[in-house]
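Q: So that you have it, the file is data.pdb, and it contains PDB, C-alpha atoms:
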ATOM      1  CA  MET Q   1      10.123 -22.978  -1.283
ATOM      2  CA  GLU Q   2       8.634 -22.843  -4.759
ATOM      3  CA  ASP Q   3       7.933 -20.442  -7.578
ATOM      4  CA  LYS Q   4       4.278 -19.494  -7.782
ATOM      5  CA  PRO Q   5       2.252 -17.389 -10.203
ATOM      6  CA  TYR Q   6       0.108 -14.567  -8.958
ATOM      7  CA  SER Q   7      -3.194 -16.492  -9.163
ATOM      8  CA  SER Q   8      -2.025 -19.080  -6.609
ATOM      9  CA  LEU Q   9      -0.610 -16.647  -4.031
ATOM     10  CA  LYS Q  10      -2.181 -16.482  -0.609
ATOM     11  CA  PRO Q  11      -3.866 -13.210   0.390
ATOM     12  CA  SER Q  12      -1.161 -12.609   3.004
ATOM     13  CA  LEU Q  13       1.574 -13.002   0.404
ATOM     14  CA  ASP Q  14      -0.335 -10.732  -1.967
ATOM     15  CA  ARG Q  15      -0.204  -8.064   0.719
ATOM     16  CA  LEU Q  16       3.476  -8.800   1.210
ATOM     17  CA  THR Q  17       4.190  -8.084  -2.459
ATOM     18  CA  LEU Q  18       1.941  -4.977  -2.365
ATOM     19  CA  GLY Q  19       0.132  -6.182  -5.499
ATOM     20  CA  ILE Q  20       3.225  -5.645  -7.639
ATOM     21  CA  ILE Q  21       2.769  -8.975  -9.431
ATOM     22  CA  ARG Q  22      -0.570  -7.842 -10.839
ATOM     23  CA  ILE Q  23       1.048  -4.662 -12.151
ATOM     24  CA  LEU Q  24       3.924  -6.546 -13.749
ATOM     25  CA  GLU Q  25       1.716  -9.117 -15.439
ATOM     26  CA  THR Q  26      -0.310  -6.355 -17.097
ATOM     27  CA  SER Q  27       2.774  -4.450 -18.280
ATOM     28  CA  PRO Q  28       3.668  -4.699 -21.993
ATOM     29  CA  GLY Q  29       6.283  -7.279 -22.861
ATOM     30  CA  VAL Q  30       6.586  -8.673 -19.321
ATOM     31  CA  THR Q  31       6.598 -12.444 -18.941
ATOM     32  CA  GLU Q  32       7.531 -15.140 -16.418
ATOM     33  CA  VAL Q  33       6.763 -13.216 -13.236
ATOM     34  CA  THR Q  34       7.783 -15.565 -10.420
ATOM     35  CA  PHE Q  35       7.713 -15.271  -6.648
ATOM     36  CA  VAL Q  36       9.617 -17.641  -4.380
ATOM     37  CA  GLU Q  37       7.379 -18.361  -1.424
ATOM     38  CA  LYS Q  38       9.357 -18.810   1.791
ATOM     39  CA  GLU Q  39       8.275 -20.025   5.178
ATOM     40  CA  PRO Q  40       8.503 -17.665   8.168
ATOM     41  CA  ALA Q  41      11.787 -17.684  10.026
ATOM     42  CA  GLU Q  42      11.724 -19.432  13.365
ATOM     43  CA  ARG Q  43      12.042 -17.168  16.354
ATOM     44  CA  HIS Q  44      14.964 -19.074  17.791
ATOM     45  CA  SER Q  45      16.864 -18.514  14.518
ATOM     46  CA  ILE Q  46      16.462 -14.750  14.935
ATOM     47  CA  ILE Q  47      17.558 -14.921  18.585
ATOM     48  CA  SER Q  48      20.555 -17.045  17.613
ATOM     49  CA  TRP Q  49      21.554 -14.502  14.944
ATOM     50  CA  GLU Q  50      21.331 -11.636  17.435
ATOM     51  CA  GLN Q  51      23.460 -13.476  19.975
ATOM     52  CA  LYS Q  52      26.045 -14.444  17.371
ATOM     53  CA  ASN Q  53      26.452 -10.868  16.078
ATOM     54  CA  SER Q  54      25.920  -9.111  19.440
ATOM     55  CA  CYS Q  55      23.203  -6.809  18.116
ATOM     56  CA  VAL Q  56      19.420  -6.607  18.023
ATOM     57  CA  LEU Q  57      17.523  -6.650  14.746
ATOM     58  CA  PRO Q  58      15.330  -3.587  14.117
ATOM     59  CA  GLU Q  59      11.711  -4.287  14.903
ATOM     60  CA  ASP Q  60      10.403  -3.898  11.341
ATOM     61  CA  LEU Q  61      13.019  -6.263   9.888
ATOM     62  CA  LYS Q  62      12.364  -8.786  12.659
ATOM     63  CA  ASN Q  63       8.628  -8.724  11.896
ATOM     64  CA  PHE Q  64       9.412  -9.211   8.219
ATOM     65  CA  TYR Q  65      11.468 -12.339   8.928
ATOM     66  CA  LEU Q  66       8.699 -13.668  11.156
ATOM     67  CA  MET Q  67       6.377 -13.418   8.156
ATOM     68  CA  SER Q  68       8.792 -14.552   5.424
ATOM     69  CA  ASP Q  69      12.388 -15.732   5.746
ATOM     70  CA  GLY Q  70      13.658 -13.553   2.918
ATOM     71  CA  PHE Q  71      12.193 -12.275  -0.333
ATOM     72  CA  HIS Q  72      12.827 -13.200  -3.960
ATOM     73  CA  MET Q  73      10.846 -12.101  -7.027
ATOM     74  CA  THR Q  74      11.965 -12.084 -10.650
ATOM     75  CA  TRP Q  75      10.443 -11.156 -13.996
ATOM     76  CA  SER Q  76      11.512 -11.223 -17.615
ATOM     77  CA  VAL Q  77      10.699  -9.444 -20.878
ATOM     78  CA  LYS Q  78      10.149 -10.853 -24.346
ATOM     79  CA  PHE Q  79      13.156 -10.190 -26.560
ATOM     80  CA  ASP Q  80      12.971 -11.696 -30.059
ATOM     81  CA  ASP Q  81      10.195 -13.979 -28.753
ATOM     82  CA  ASN Q  82      12.564 -15.286 -26.052
ATOM     83  CA  PRO Q  83      12.348 -14.412 -22.343
ATOM     84  CA  MET Q  84      15.212 -12.259 -21.079
ATOM     85  CA  PRO Q  85      15.621 -11.900 -17.268
ATOM     86  CA  LEU Q  86      15.334  -8.248 -16.246
ATOM     87  CA  GLY Q  87      13.846  -7.462 -12.823
ATOM     88  CA  SER Q  88      15.058  -9.010  -9.594
ATOM     89  CA  MET Q  89      13.949  -8.203  -6.036
ATOM     90  CA  MET Q  90      15.944  -9.900  -3.312
ATOM     91  CA  ILE Q  91      16.268  -9.766   0.470
ATOM     92  CA  ASN Q  92      18.570 -12.323   2.065
ATOM     93  CA  SER Q  93      17.201 -14.786   4.573
ATOM     94  CA  ILE Q  94      18.239 -14.568   8.211
ATOM     95  CA  SER Q  95      20.834 -17.313   7.683
ATOM     96  CA  LYS Q  96      22.427 -15.358   4.802
ATOM     97  CA  LEU Q  97      22.363 -11.996   6.553
ATOM     98  CA  CYS Q  98      26.144 -12.098   6.808
ATOM     99  CA  ARG Q  99      28.445  -9.460   8.183
ATOM    100  CA  LEU Q 100      30.623  -7.477   5.783
ATOM    101  CA  VAL Q 101      33.955  -7.429   7.578
ATOM    102  CA  GLY Q 102      37.154  -5.604   6.737
ATOM    103  CA  SER Q 103      39.170  -8.769   6.343
ATOM    104  CA  SER Q 104      42.026  -9.033   3.891
ATOM    105  CA  ALA Q 105      41.364 -10.369   0.429
ATOM    106  CA  TYR Q 106      44.694 -12.216   0.525
ATOM    107  CA  ALA Q 107      46.386 -14.495   3.010
ATOM    108  CA  LEU Q 108      49.404 -12.215   3.395
ATOM    109  CA  PRO Q 109      49.650 -10.389   6.729
ATOM    110  CA  SER Q 110      50.484  -7.060   5.081
ATOM    111  CA  ALA Q 111      47.677  -7.247   2.490
ATOM    112  CA  PRO Q 112      45.303  -4.232   2.363
ATOM    113  CA  THR Q 113      41.880  -4.466   3.956
ATOM    114  CA  LEU Q 114      38.629  -2.546   3.604
ATOM    115  CA  ALA Q 115      39.516  -0.600   6.741
ATOM    116  CA  ASP Q 116      42.488   0.863   4.871
ATOM    117  CA  LEU Q 117      40.033   2.735   2.664
ATOM    118  CA  GLU Q 118      38.841   4.869   5.559
ATOM    119  CA  ASP Q 119      39.249   8.613   4.984
ATOM    120  CA  ASP Q 120      39.649  10.643   8.162
ATOM    121  CA  THR Q 121      38.425  13.769   6.395
ATOM    122  CA  ASP Q 122      35.086  12.120   5.635
ATOM    123  CA  GLU Q 123      34.145  10.936   9.095
ATOM    124  CA  GLU Q 124      31.543  13.547   9.866
ATOM    125  CA  GLY Q 125      28.292  13.847   7.967
ATOM    126  CA  ASN Q 126      26.574  17.048   6.959
ATOM    127  CA  GLU Q 127      23.006  18.275   6.897
ATOM    128  CA  ASP Q 128      22.230  16.649   3.554
ATOM    129  CA  GLN Q 129      24.204  13.434   4.041
ATOM    130  CA  PRO Q 130      24.486  11.500   7.323
ATOM    131  CA  GLU Q 131      27.738  10.087   8.585
ATOM    132  CA  LYS Q 132      28.948   7.287   6.360
ATOM    133  CA  PRO Q 133      29.530   3.744   7.630
ATOM    134  CA  HIS Q 134      32.997   2.551   8.535
ATOM    135  CA  PHE Q 135      34.667  -0.718   7.662
ATOM    136  CA  ASP Q 136      36.433  -0.763  11.022
ATOM    137  CA  PRO Q 137      34.796  -1.806  14.341
ATOM    138  CA  ARG Q 138      32.963   1.527  14.599
ATOM    139  CA  SER Q 139      30.163   0.052  12.445
ATOM    140  CA  LEU Q 140      28.467  -3.297  11.962
ATOM    141  CA  ILE Q 141      27.517  -3.941   8.338
ATOM    142  CA  PHE Q 142      25.304  -6.787   7.089
ATOM    143  CA  GLU Q 143      24.472  -7.614   3.493
ATOM    144  CA  LEU Q 144      20.778  -7.540   2.583
ATOM    145  CA  ASP Q 145      21.153  -7.849  -1.185
ATOM    146  CA  ALA Q 146      24.114  -8.502  -3.514
ATOM    147  CA  CYS Q 147      22.338  -6.575  -6.338
ATOM    148  CA  ASN Q 148      23.436  -9.099  -8.989
ATOM    149  CA  GLY Q 149      27.020  -7.914  -8.707
ATOM    150  CA  ASN Q 150      26.214  -4.202  -9.123
ATOM    151  CA  GLY Q 151      26.961  -3.411  -5.488
ATOM    152  CA  LYS Q 152      25.586  -4.290  -2.061
ATOM    153  CA  VAL Q 153      22.598  -3.063  -0.084
ATOM    154  CA  CYS Q 154      23.577  -3.186   3.583
ATOM    155  CA  LEU Q 155      21.992  -2.980   6.998
ATOM    156  CA  VAL Q 156      24.280  -0.696   9.000
ATOM    157  CA  TYR Q 157      24.654  -0.359  12.767
ATOM    158  CA  LYS Q 158      26.514   2.764  13.866
ATOM    159  CA  HIS Q 159      28.130   3.738  17.144
ATOM    160  CA  THR Q 160      28.826   0.194  18.267
ATOM    161  CA  LYS Q 161      30.771   1.327  21.344
ATOM    162  CA  PRO Q 162      30.142   0.976  24.206
ATOM    163  CA  VAL Q 163      26.936  -0.831  23.247
ATOM    164  CA  VAL Q 164      25.254  -1.619  19.945
ATOM    165  CA  THR Q 165      22.016   0.334  19.565
ATOM    166  CA  PRO Q 166      19.100  -1.079  17.544
ATOM    167  CA  ASP Q 167      19.029   2.088  15.432
ATOM    168  CA  THR Q 168      19.982   1.094  11.896
ATOM    169  CA  GLU Q 169      20.132   2.588   8.416
ATOM    170  CA  ILE Q 170      20.090   1.150   4.911
ATOM    171  CA  TRP Q 171      23.064   2.062   2.712
ATOM    172  CA  PHE Q 172      24.197   1.144  -0.779
ATOM    173  CA  LEU Q 173      27.834   0.234  -1.365
ATOM    174  CA  ASP Q 174      28.718   0.591  -5.055
ATOM    175  CA  ARG Q 175      31.384  -1.302  -6.966
ATOM    176  CA  ALA Q 176      33.903   1.472  -6.311
ATOM    177  CA  LEU Q 177      33.354   0.963  -2.535
ATOM    178  CA  TYR Q 178      31.631   4.330  -2.042
ATOM    179  CA  TRP Q 179      28.692   4.576   0.350
ATOM    180  CA  HIS Q 180      25.310   6.049  -0.614
ATOM    181  CA  PHE Q 181      22.500   6.578   1.874
ATOM    182  CA  LEU Q 182      19.140   4.997   0.975
ATOM    183  CA  THR Q 183      16.688   5.058   3.911
ATOM    184  CA  ASP Q 184      16.447   5.275   7.692
ATOM    185  CA  THR Q 185      14.361   2.126   8.107
ATOM    186  CA  PHE Q 186      13.975  -1.276   6.514
ATOM    187  CA  THR Q 187      10.281  -0.594   5.829
ATOM    188  CA  ALA Q 188      11.139   2.452   3.730
ATOM    189  CA  TYR Q 189      13.772   0.469   1.832
ATOM    190  CA  TYR Q 190      11.306  -2.348   1.156
ATOM    191  CA  ARG Q 191       8.921   0.143  -0.410
ATOM    192  CA  LEU Q 192      11.722   1.500  -2.590
ATOM    193  CA  LEU Q 193      12.555  -2.026  -3.714
ATOM    194  CA  ILE Q 194       8.959  -2.712  -4.725
ATOM    195  CA  THR Q 195       8.427   0.720  -6.308
ATOM    196  CA  HIS Q 196      11.455   0.346  -8.563
ATOM    197  CA  LEU Q 197      10.274  -3.114  -9.683
ATOM    198  CA  GLY Q 198      13.743  -4.544  -9.114
ATOM    199  CA  LEU Q 199      15.001  -2.930 -12.315
ATOM    200  CA  PRO Q 200      18.736  -3.309 -12.985
ATOM    201  CA  GLN Q 201      20.924  -0.802 -11.150
ATOM    202  CA  TRP Q 202      17.960   1.003  -9.607
ATOM    203  CA  GLN Q 203      20.048   1.702  -6.484
ATOM    204  CA  TYR Q 204      22.299   3.977  -8.580
ATOM    205  CA  ALA Q 205      19.387   6.403  -8.928
ATOM    206  CA  PHE Q 206      20.286   7.462  -5.374
ATOM    207  CA  THR Q 207      23.911   8.201  -6.233
ATOM    208  CA  SER Q 208      25.414  11.412  -7.556
ATOM    209  CA  TYR Q 209      26.297   9.809 -10.910
ATOM    210  CA  GLY Q 210      22.972   8.083 -11.515
ATOM    211  CA  ILE Q 211      22.144   4.964 -13.499
ATOM    212  CA  SER Q 212      23.698   3.909 -16.784
ATOM    213  CA  PRO Q 213      22.138   4.878 -20.150
ATOM    214  CA  GLN Q 214      21.112   1.278 -20.795
ATOM    215  CA  ALA Q 215      19.362   0.991 -17.433
ATOM    216  CA  LYS Q 216      17.705   4.377 -18.030
ATOM    217  CA  GLN Q 217      16.033   2.951 -21.134
ATOM    218  CA  TRP Q 218      14.411   0.226 -19.030
ATOM    219  CA  PHE Q 219      13.382   2.851 -16.470
ATOM    220  CA  ASN Q 220      11.719   4.963 -19.146
ATOM    221  CA  MET Q 221       9.868   1.920 -20.431
ATOM    222  CA  TYR Q 222       8.602   0.437 -17.164
ATOM    223  CA  LYS Q 223       8.931   3.140 -14.537
ATOM    224  CA  PRO Q 224       8.933   6.624 -16.080
ATOM    225  CA  ILE Q 225       7.670   8.325 -12.900
ATOM    226  CA  THR Q 226      10.685   7.132 -10.903
ATOM    227  CA  ILE Q 227      13.266   8.397 -13.382
ATOM    228  CA  ASN Q 228      11.456  11.695 -14.087
ATOM    229  CA  THR Q 229      10.543  12.656 -10.536
ATOM    230  CA  ALA Q 230      12.051  16.135 -10.821
ATOM    231  CA  LEU Q 231      10.262  16.817 -14.088
ATOM    232  CA  LEU Q 232       6.876  15.992 -12.605
ATOM    233  CA  ALA Q 233       7.115  19.019 -10.337
ATOM    234  CA  GLU Q 234       7.464  21.356 -13.298
ATOM    235  CA  GLU Q 235       4.727  22.749 -15.462
ATOM    236  CA  ALA Q 236       3.085  20.559 -18.048
ATOM    237  CA  ASP Q 237       4.415  22.817 -20.813
ATOM    238  CA  SER Q 238       7.933  21.657 -20.000
ATOM    239  CA  PHE Q 239       7.214  18.353 -21.740
ATOM    240  CA  VAL Q 240       6.241  20.167 -24.956
ATOM    241  CA  ASN Q 241       8.862  20.651 -27.628
ATOM    242  CA  LYS Q 242       9.320  24.414 -27.859
ATOM    243  CA  LEU Q 243      11.774  24.333 -30.728
ATOM    244  CA  ASP Q 244      11.305  27.345 -33.005
ATOM    245  CA  PRO Q 245      12.701  26.580 -36.477
ATOM    246  CA  ASN Q 246      12.722  30.275 -37.340
ATOM    247  CA  LYS Q 247      15.228  30.914 -34.546
ATOM    248  CA  VAL Q 248      17.348  27.851 -35.187
ATOM    249  CA  PHE Q 249      17.714  28.506 -38.906
ATOM    250  CA  LYS Q 250      17.876  32.262 -38.512
ATOM    251  CA  SER Q 251      19.430  34.163 -41.469
ATOM    252  CA  LYS Q 252      19.448  37.658 -42.869
ATOM    253  CA  ASN Q 253      16.329  38.467 -44.808
ATOM    254  CA  LYS Q 254      17.231  39.620 -48.303
ATOM    255  CA  THR Q 255      14.872  42.030 -50.043
ATOM    256  CA  PRO Q 256      13.956  40.509 -53.367
ATOM    257  CA  VAL Q 257      14.919  42.617 -56.403
ATOM    258  CA  LEU Q 258      11.905  43.357 -58.553
ATOM    259  CA  LYS Q 259      12.685  43.165 -62.240
ATOM    260  CA  LYS Q 260      10.584  45.206 -64.587
ATOM    261  CA  LYS Q 261       9.177  43.140 -67.364
ATOM    262  CA  LEU Q 262       9.615  44.418 -70.881
ATOM    263  CA  PRO Q 263       6.565  44.448 -73.118
ATOM    264  CA  SER Q 264       6.371  41.364 -75.209
ATOM    265  CA  GLN Q 265       7.317  41.833 -78.857
ATOM    266  CA  PRO Q 266       6.935  39.661 -81.902
ATOM    267  CA  ALA Q 267       9.801  37.403 -82.763
ATOM    268  CA  GLY Q 268      10.525  39.219 -86.036
ATOM    269  CA  SER Q 269      10.787  42.638 -84.437
ATOM    270  CA  GLN Q 270      13.074  41.204 -81.720
ATOM    271  CA  LYS Q 271      15.467  39.869 -84.395
ATOM    272  CA  SER Q 272      15.509  43.177 -86.312
ATOM    273  CA  HIS Q 273      16.049  45.101 -83.079
ATOM    274  CA  THR Q 274      18.941  42.839 -82.134
ATOM    275  CA  SER Q 275      20.603  43.132 -85.561
ATOM    276  CA  THR Q 276      20.220  46.950 -85.544
ATOM    277  CA  THR Q 277      21.724  47.189 -82.055
ATOM    278  CA  SER Q 278      24.691  44.992 -82.987
ATOM    279  CA  SER Q 279      25.395  46.986 -86.183
ATOM    280  CA  LYS Q 280      25.376  50.233 -84.196
ATOM    281  CA  VAL Q 281      27.791  48.808 -81.639
ATOM    282  CA  SER Q 282      30.194  47.579 -84.366
ATOM    283  CA  SER Q 283      30.141  50.938 -86.196
ATOM    284  CA  LEU Q 284      30.836  52.826 -82.964
ATOM    285  CA  ALA Q 285      33.735  50.522 -82.201
ATOM    286  CA  GLY Q 286      35.192  51.081 -85.705
ATOM    287  CA  ASN Q 287      34.986  54.862 -85.398
ATOM    288  CA  SER Q 288      36.746  54.809 -82.017
ATOM    289  CA  LEU Q 289      39.582  52.711 -83.450
ATOM    290  CA  ARG Q 290      40.055  55.048 -86.413
ATOM    291  CA  ARG Q 291      40.222  58.034 -84.128
ATOM    292  CA  ARG Q 292      42.996  56.465 -82.065
ATOM    293  CA  GLU Q 293      45.198  55.630 -85.091
ATOM    294  CA  PRO Q 294      48.327  57.883 -85.251
ATOM    295  CA  GLN Q 295      48.601  60.279 -88.175
ATOM    296  CA  THR Q 296      51.434  59.644 -90.668
TER     297      THR Q 296
END
The structure given in the file should be rewritten as structure tokens.
A:
Amino acid sequence: MEDKPYSSLKPSLDRLTLGIIRILETSPGVTEVTFVEKEPAERHSIISWEQKNSCVLPEDLKNFYLMSDGFHMTWSVKFDDNPMPLGSMMINSISKLCRLVGSSAYALPSAPTLADLEDDTDEEGNEDQPEKPHFDPRSLIFELDACNGNGKVCLVYKHTKPVVTPDTEIWFLDRALYWHFLTDTFTAYYRLLITHLGLPQWQYAFTSYGISPQAKQWFNMYKPITINTALLAEEADSFVNKLDPNKVFKSKNKTPVLKKKLPSQPAGSQKSHTSTTSSKVSSLAGNSLRRREPQT
């Protein structure tokens, strides 16, 4: 296994990556796009895994392992002229496709297990959401991707009694141990993985609470169509800012008071007019005071 740039990839591996390396290398700020080339899994390894876990791999996942024993692609972005790891696409190899069991996290016999989290009121699915996996023997759960500690993408077998059927689903288990349905088949999940470019927390886009604000910034920069899927169905005018300043800063319109201009007069006449007016006012005030004086 070795890291290879896009120019040295074989045509078969280029088809395996769906040309995503070419897209990443032409994206602004993207650097150090690496792909770990892995040899095909041996058929006896797949048969041994099926016998060990008493289940049959779905046909599309089995064909994937026969072409490449796992998948690993990473890419970085330039941040202050230094590469910062950002995208990561991972599918565990057949040897690391381990079962997620409801064992206790402690050695004590009375310690809680994952099966204790089962809610009897949430056993049945509805039209929008299928029945959720169970941590008890009713389901077989295998880890496809650890998601860099943000959760786990799992291959889930349901209805294991009386016999395990090859019908599987892909679910996402978040850090709060809640299940979120992703796809019915591994092929559909693989396309989702490639389409989202392995951006951080992309699986949370399929949850009711969505991705974090920081991850949304990376989505808007490198995959705006994925994060704005609902907006694309609307009219183009919805992307236009329709802010009307007249409505936001609405106030009562005041009618301006028109003041009548007096005819301009010479400065000398204005002074004489002012002195005459003041003398008249003072004389009138004196007369009114004399009238109000009491008679002796």
Q: Check the smallest atom-to-atom distance from each of Q:His134, Q:His72, Q:Arg99, Q:Lys62 to Q:Leu177 using only C-alpha atoms, then report the winner.
A: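 Using only C-alpha atoms, the shortest distance to Q:Leu177 belongs to Q:His134.
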Q: Can you tell me, as a list in words, what residues are no more than 12 Å from Q:Lys78 when counting all atoms listed in the file, ignoring any on the same chain fewer than 6 positions away?
A: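 Using all atoms listed in the file, the neighbours found are Ser27, Pro28, Gly29, Val30, Thr31, Glu32, Val33, Met84, Pro85 and Leu86 of chain Q.
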Q: So that I can see what lies close to Q:Val153, please list as a list in words the residues with an atom at most 8 Å from it, counting all atoms listed in the file and leaving out residues fewer than 4 positions away in the same chain.
A: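 Residues meeting the cut-off are Glu143, Leu144, Asp145, Ala146, Cys147, Ile170, Trp171, Phe172 and Leu173 of chain Q.
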Q: Mind dumping a table of every stretch 8-79 of chain Q residue within 10 Å of stretch 193-211 of chain Q, with the nearest atom pair and its distance in Å to one decimal, using only C-alpha atoms, sorted by chain and rising number, as a Markdown table?
A:
| residue | atom | partner | partner_atom | distance |
| --- | --- | --- | --- | --- |
| Q:Thr17 | CA | Q:Ile194 | CA | 7.5 |
| Q:Leu18 | CA | Q:Ile194 | CA | 7.7 |
| Q:Gly19 | CA | Q:Ile194 | CA | 9.5 |
| Q:Ile20 | CA | Q:Ile194 | CA | 7.1 |
| Q:Ile21 | CA | Q:Leu197 | CA | 9.5 |
| Q:Ile23 | CA | Q:Leu197 | CA | 9.7 |
| Q:Leu24 | CA | Q:Leu197 | CA | 8.3 |
| Q:Met73 | CA | Q:Gly198 | CA | 8.4 |
| Q:Thr74 | CA | Q:Gly198 | CA | 7.9 |
| Q:Trp75 | CA | Q:Gly198 | CA | 8.9 |
Q: Calculate, to one decimal in Å, the centre and edge lengths of the box along x, y and z of the file that holds all listed atoms of stretch 64-77 of chain Q with 5 Å of margin on each side, and present them as JSON.
A:
{"center_x": 10.0, "center_y": -12.5, "center_z": -4.9, "size_x": 17.3, "size_y": 16.5, "size_z": 42.0}
Q: Atom CA of Q:Thr168 and atom CA of Q:Glu42 are how many Å apart?
A: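 It comes out at 22.2 Å.
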Q: Find the distance between atom CA of Q:Leu16 and atom CA of Q:Ala41 and write it in Å to one decimal.
A: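 Taking atom CA of Q:Leu16 as the start and atom CA of Q:Ala41 as the end point, the length is 15.0 Å.
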Q: Give as a ChimeraX atom specification each residue that has an atom at most 12 Å from (15.1, -14.6, 5.0) in the file, counting only C-alpha atoms.
A: /Q:1,36-42,45-46,49,61-72,90-98,143-145
Q: Atom CA of Q:Thr34 to atom CA of Q:Ser76: how many Å, to one decimal?
A: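 A separation of 9.2 Å between them.
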Q: Could you tell me, as a list in words, exactly which residues end up selected when the PyMOL selection byres ((chain Q and resi 186) around 10) is applied to this structure?
A: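 With the PyMOL selection byres ((chain Q and resi 186) around 10) on this model, the match is Pro58, Glu59, Asp60, Leu61, Lys62, Phe64, Leu155, Thr168, Glu169, Ile170, Leu182, Thr183, Asp184, Thr185, Thr187, Ala188, Tyr189, Tyr190, Arg191 and Leu192 of chain Q.
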